[in-house]
$ cat data.pdb   # PDB, C-alpha atoms
ATOM      1  CA  LEU A   1      -7.537   7.558 -15.565
ATOM      2  CA  TYR A   2      -4.426   5.508 -16.178
ATOM      3  CA  GLY A   3      -0.748   5.759 -17.053
ATOM      4  CA  GLY A   4       1.261   4.430 -19.964
ATOM      5  CA  GLY A   5      -1.129   1.712 -21.047
ATOM      6  CA  SER A   6       0.205  -1.469 -19.417
ATOM      7  CA  ILE A   7      -3.366  -2.023 -18.208
ATOM      8  CA  LYS A   8      -4.276  -2.778 -21.823
ATOM      9  CA  THR A   9      -1.742  -5.612 -22.031
ATOM     10  CA  ASN A  10      -2.185  -7.170 -18.578
ATOM     11  CA  GLY A  11      -5.990  -7.479 -18.794
ATOM     12  CA  VAL A  12      -6.878  -4.845 -16.186
ATOM     13  CA  TYR A  13      -8.325  -2.463 -18.784
ATOM     14  CA  ASN A  14     -10.812  -5.093 -19.960
ATOM     15  CA  GLN A  15     -11.725  -5.992 -16.371
ATOM     16  CA  VAL A  16     -12.458  -2.348 -15.541
ATOM     17  CA  LYS A  17     -14.330  -1.833 -18.808
ATOM     18  CA  GLU A  18     -16.512  -4.842 -18.026
ATOM     19  CA  ALA A  19     -17.155  -3.609 -14.470
ATOM     20  CA  LEU A  20     -18.232  -0.211 -15.834
ATOM     21  CA  LYS A  21     -20.404  -1.508 -18.686
ATOM     22  CA  ASP A  22     -23.616  -0.180 -17.102
ATOM     23  CA  TYR A  23     -22.165   3.303 -16.527
ATOM     24  CA  GLU A  24     -21.355   6.246 -18.740
ATOM     25  CA  TRP A  25     -17.622   6.888 -18.505
ATOM     26  CA  GLN A  26     -14.761   8.795 -20.064
ATOM     27  CA  GLU A  27     -11.211   7.491 -20.442
ATOM     28  CA  PHE A  28      -7.982   9.466 -19.946
ATOM     29  CA  GLY A  29      -4.575   7.812 -20.327
ATOM     30  CA  GLY A  30      -1.000   8.987 -20.289
ATOM     31  CA  ILE A  31      -0.424  10.079 -16.690
ATOM     32  CA  PRO A  32       3.363   9.657 -16.351
ATOM     33  CA  ALA A  33       5.508   8.543 -13.431
ATOM     34  CA  ASN A  34       5.862  11.644 -11.270
ATOM     35  CA  PRO A  35       2.466  12.953 -12.398
ATOM     36  CA  GLU A  36       3.010  16.018 -14.544
ATOM     37  CA  TYR A  37       0.888  19.089 -13.901
ATOM     38  CA  SER A  38       0.450  20.017 -17.575
ATOM     39  CA  ILE A  39      -0.934  16.558 -18.413
ATOM     40  CA  LEU A  40      -3.225  16.638 -15.390
ATOM     41  CA  LEU A  41      -4.595  19.970 -16.642
ATOM     42  CA  ASP A  42      -5.647  18.182 -19.858
ATOM     43  CA  ALA A  43      -7.569  15.664 -17.743
ATOM     44  CA  LEU A  44      -9.016  18.454 -15.586
ATOM     45  CA  LYS A  45     -10.377  20.185 -18.673
ATOM     46  CA  ILE A  46     -12.288  17.020 -19.616
ATOM     47  CA  ILE A  47     -13.535  16.546 -16.038
ATOM     48  CA  LYS A  48     -14.962  20.068 -15.982
ATOM     49  CA  GLU A  49     -16.341  20.071 -19.548
ATOM     50  CA  LYS A  50     -18.064  16.706 -19.163
ATOM     51  CA  GLN A  51     -19.098  17.400 -15.555
ATOM     52  CA  ILE A  52     -17.531  14.179 -14.335
ATOM     53  CA  THR A  53     -18.767  13.266 -10.850
ATOM     54  CA  TYR A  54     -16.509  10.316  -9.947
ATOM     55  CA  LEU A  55     -12.883   9.457 -10.713
ATOM     56  CA  LEU A  56     -11.260   6.031 -10.973
ATOM     57  CA  ALA A  57      -7.471   5.726 -10.828
ATOM     58  CA  VAL A  58      -6.247   2.556 -12.550
ATOM     59  CA  GLY A  59      -2.515   2.138 -12.068
ATOM     60  CA  GLY A  60       0.264   2.709  -9.585
ATOM     61  CA  GLY A  61       1.053   5.487  -7.162
ATOM     62  CA  SER A  62       1.663   8.147  -9.808
ATOM     63  CA  VAL A  63      -1.756   7.676 -11.378
ATOM     64  CA  ILE A  64      -3.384   7.670  -7.950
ATOM     65  CA  ASP A  65      -1.497  10.823  -6.934
ATOM     66  CA  GLY A  66      -2.645  12.499 -10.143
ATOM     67  CA  VAL A  67      -6.237  11.554  -9.403
ATOM     68  CA  LYS A  68      -5.972  12.982  -5.880
ATOM     69  CA  PHE A  69      -4.852  16.294  -7.366
ATOM     70  CA  LEU A  70      -7.706  16.157  -9.900
ATOM     71  CA  SER A  71     -10.144  15.363  -7.104
ATOM     72  CA  ALA A  72      -9.108  18.567  -5.322
ATOM     73  CA  ALA A  73      -8.896  20.648  -8.501
ATOM     74  CA  ALA A  74     -12.257  19.601  -9.981
ATOM     75  CA  ASN A  75     -14.240  22.040  -7.836
ATOM     76  CA  TYR A  76     -11.470  24.588  -7.253
ATOM     77  CA  GLU A  77     -12.159  27.962  -8.829
ATOM     78  CA  GLY A  78      -8.624  29.406  -8.883
ATOM     79  CA  GLU A  79      -5.418  28.459 -10.673
ATOM     80  CA  PRO A  80      -5.041  24.716  -9.912
ATOM     81  CA  TRP A  81      -1.331  25.019  -9.041
ATOM     82  CA  GLU A  82      -2.403  27.185  -6.095
ATOM     83  CA  ILE A  83      -3.712  24.013  -4.478
ATOM     84  CA  LEU A  84      -0.100  22.920  -4.078
ATOM     85  CA  LYS A  85       1.307  26.358  -3.231
ATOM     86  CA  THR A  86      -1.111  27.335  -0.453
ATOM     87  CA  ALA A  87      -2.646  26.013   2.721
ATOM     88  CA  TYR A  88      -5.338  24.423   0.528
ATOM     89  CA  ARG A  89      -2.844  21.631  -0.108
ATOM     90  CA  THR A  90      -3.877  20.210   3.266
ATOM     91  CA  MET A  91      -7.398  19.816   2.010
ATOM     92  CA  GLU A  92      -9.950  19.581   4.788
ATOM     93  CA  GLY A  93     -13.051  19.557   2.598
ATOM     94  CA  LYS A  94     -14.126  16.834   0.244
ATOM     95  CA  GLY A  95     -12.644  16.517  -3.181
ATOM     96  CA  LEU A  96     -14.433  14.798  -6.039
ATOM     97  CA  PRO A  97     -14.949  11.187  -4.895
ATOM     98  CA  PHE A  98     -12.612   8.570  -6.362
ATOM     99  CA  GLY A  99     -11.604   4.951  -6.126
ATOM    100  CA  THR A 100      -8.433   3.099  -7.092
ATOM    101  CA  VAL A 101      -7.575  -0.077  -8.955
ATOM    102  CA  LEU A 102      -3.964  -0.667  -7.980
ATOM    103  CA  THR A 103      -1.648  -2.335 -10.497
ATOM    104  CA  LEU A 104       1.727  -1.857  -8.768
ATOM    105  CA  PRO A 105       2.075  -1.882  -4.980
ATOM    106  CA  ALA A 106       4.852   0.493  -3.963
ATOM    107  CA  THR A 107       3.916   3.899  -2.594
ATOM    108  CA  GLY A 108       0.868   3.205  -0.444
ATOM    109  CA  SER A 109      -1.009   5.925  -2.342
ATOM    110  CA  GLU A 110      -4.047   3.656  -2.608
ATOM    111  CA  MET A 111      -4.561   3.886   1.165
ATOM    112  CA  ASN A 112      -3.495   7.405   2.096
ATOM    113  CA  SER A 113      -4.493  10.964   1.251
ATOM    114  CA  GLY A 114      -1.092  12.284   0.180
ATOM    115  CA  ALA A 115       0.071  13.115  -3.332
ATOM    116  CA  VAL A 116       3.114  14.614  -5.036
ATOM    117  CA  ILE A 117       2.761  16.518  -8.321
ATOM    118  CA  SER A 118       5.574  17.678 -10.624
ATOM    119  CA  ARG A 119       5.684  20.777 -12.784
ATOM    120  CA  ARG A 120       8.451  20.329 -15.326
ATOM    121  CA  GLU A 121       8.281  23.902 -16.683
ATOM    122  CA  THR A 122       9.202  25.391 -13.290
ATOM    123  CA  GLY A 123      11.192  22.462 -11.850
ATOM    124  CA  GLU A 124       8.808  22.184  -8.888
ATOM    125  CA  LYS A 125       7.636  19.006  -7.183
ATOM    126  CA  LEU A 126       5.126  19.708  -4.431
ATOM    127  CA  ALA A 127       3.096  17.631  -1.999
ATOM    128  CA  MET A 128      -0.529  17.863  -0.957
ATOM    129  CA  GLY A 129      -3.030  15.830   1.013
ATOM    130  CA  GLY A 130      -5.551  15.957   3.793
ATOM    131  CA  PRO A 131      -8.617  14.178   5.101
ATOM    132  CA  GLY A 132     -10.679  15.092   2.025
ATOM    133  CA  LEU A 133      -8.476  13.061  -0.336
ATOM    134  CA  PHE A 134      -8.767   9.443   0.749
ATOM    135  CA  PRO A 135      -9.988   6.952  -1.871
ATOM    136  CA  GLN A 136     -13.473   5.585  -1.236
ATOM    137  CA  PHE A 137     -12.196   2.113  -2.105
ATOM    138  CA  SER A 138      -9.069   0.386  -3.398
ATOM    139  CA  VAL A 139      -8.890  -2.871  -5.315
ATOM    140  CA  LEU A 140      -5.816  -5.024  -5.839
ATOM    141  CA  ASP A 141      -5.955  -8.226  -7.911
ATOM    142  CA  PRO A 142      -3.084 -10.482  -6.735
ATOM    143  CA  GLU A 143      -2.986 -12.125 -10.181
ATOM    144  CA  VAL A 144      -2.037  -8.771 -11.711
ATOM    145  CA  ILE A 145       0.806  -8.370  -9.213
ATOM    146  CA  ARG A 146       2.026 -11.864 -10.032
ATOM    147  CA  SER A 147       2.338 -10.829 -13.684
ATOM    148  CA  ILE A 148       4.635  -7.855 -12.950
ATOM    149  CA  PRO A 149       8.264  -8.308 -14.081
ATOM    150  CA  LYS A 150      10.696  -9.007 -11.216
ATOM    151  CA  LYS A 151      12.550  -5.754 -11.904
ATOM    152  CA  GLN A 152       9.320  -3.771 -11.364
ATOM    153  CA  ILE A 153       8.646  -5.660  -8.134
ATOM    154  CA  ALA A 154      12.178  -4.787  -6.953
ATOM    155  CA  ASN A 155      11.563  -1.144  -7.909
ATOM    156  CA  GLY A 156       8.289  -1.195  -5.968
ATOM    157  CA  ILE A 157       9.929  -2.669  -2.868
ATOM    158  CA  THR A 158      12.688  -0.066  -3.053
ATOM    159  CA  ASP A 159      10.113   2.698  -3.475
ATOM    160  CA  ALA A 160       8.066   1.469  -0.518
ATOM    161  CA  TYR A 161      11.148   1.171   1.674
ATOM    162  CA  THR A 162      12.239   4.693   0.716
ATOM    163  CA  HIS A 163       8.820   6.073   1.607
ATOM    164  CA  VAL A 164       8.995   4.387   5.010
ATOM    165  CA  LEU A 165      12.396   5.971   5.621
ATOM    166  CA  GLU A 166      11.048   9.372   4.579
TER
END
$ encode --input "data.pdb" --output "structure tokens"
Amino acid sequence: LYGGGSIKTNGVYNQVKEALKDYEWQEFGGIPANPEYSILLDALKIIKEKQITYLLAVGGGSVIDGVKFLSAAANYEGEPWEILKTAYRTMEGKGLPFGTVLTLPATGSEMNSGAVISRRETGEKLAMGGPGLFPQFSVLDPEVIRSIPKKQIANGITDAYTHVLE
């Protein structure tokens, strides 16, 4: 799962594709900044239909947050938004296992179990997390970070600093 597609121009997509060449996999792109619930539901439908057993987030904090939500929602039987509206949002049990390939260091989402999901239609932005939503692994290629435009690096530093203050 990935965001807007920068991974296809910076070489990360091809690296991941090569690493997964011996596995059967399904691609889902388009997870926006501030991961949007309605788009995540499209991914969730594929996860359930194809009986996906492992998720890989390739991107920044928004993609990783979206994958954490999908991890929790994959085996949830109710309305997925309930995960964010109820005590389930502090997930104690295991979600679907996932790993991360980080492309923009900023939020720390690659090393924690928290996520924030937006729902544009209702104007809600809710948090979730818990011990069942840590990535199994996280990978960061320093060469990818070196290729990020300076403005994006500044945005990432500002984002990280804001999260520390929060």
$ closest_residue --input "data.pdb" --among "A:Asp159, A:Phe28, A:Lys151, A:Val139" --to "Gln15 (chain A)" --atoms "only C-alpha atoms"
A:Val139
$ resolve_selection --input "data.pdb" --expression "the PyMOL selection byres ((chain A and resi 66) around 9)" --output "list in words"
Leu1, Ile31, Asn34, Pro35, Glu36, Tyr37, Leu40, Ala57, Gly61, Ser62, Val63, Ile64, Asp65, Val67, Lys68, Phe69, Leu70, Ser71, Ala115, Val116 and Ile117 of chain A
$ atom_distance --input "data.pdb" --atom1 "CA of Met111 (chain A)" --atom2 "CA of Pro142 (chain A)"
16.5 Å
$ closest_residue --input "data.pdb" --among "A:Pro32, A:Gly130, A:Gly3, A:Pro80" --to "Gly95 (chain A)" --atoms "only C-alpha atoms"
A:Gly130
$ residues_around --input "data.pdb" --residues "Pro97 (chain A)" --least-positions-apart "6" --cutoff "8 Å" --atoms "only C-alpha atoms" --output "list in words"
Thr53, Tyr54, Leu55, Ser71, Pro135 and Gln136 of chain A
$ closest_residue --input "data.pdb" --among "A:Tyr2, A:Trp25, A:Phe137, A:Tyr161" --to "Gly60 (chain A)" --atoms "all atoms listed in the file"
A:Tyr2
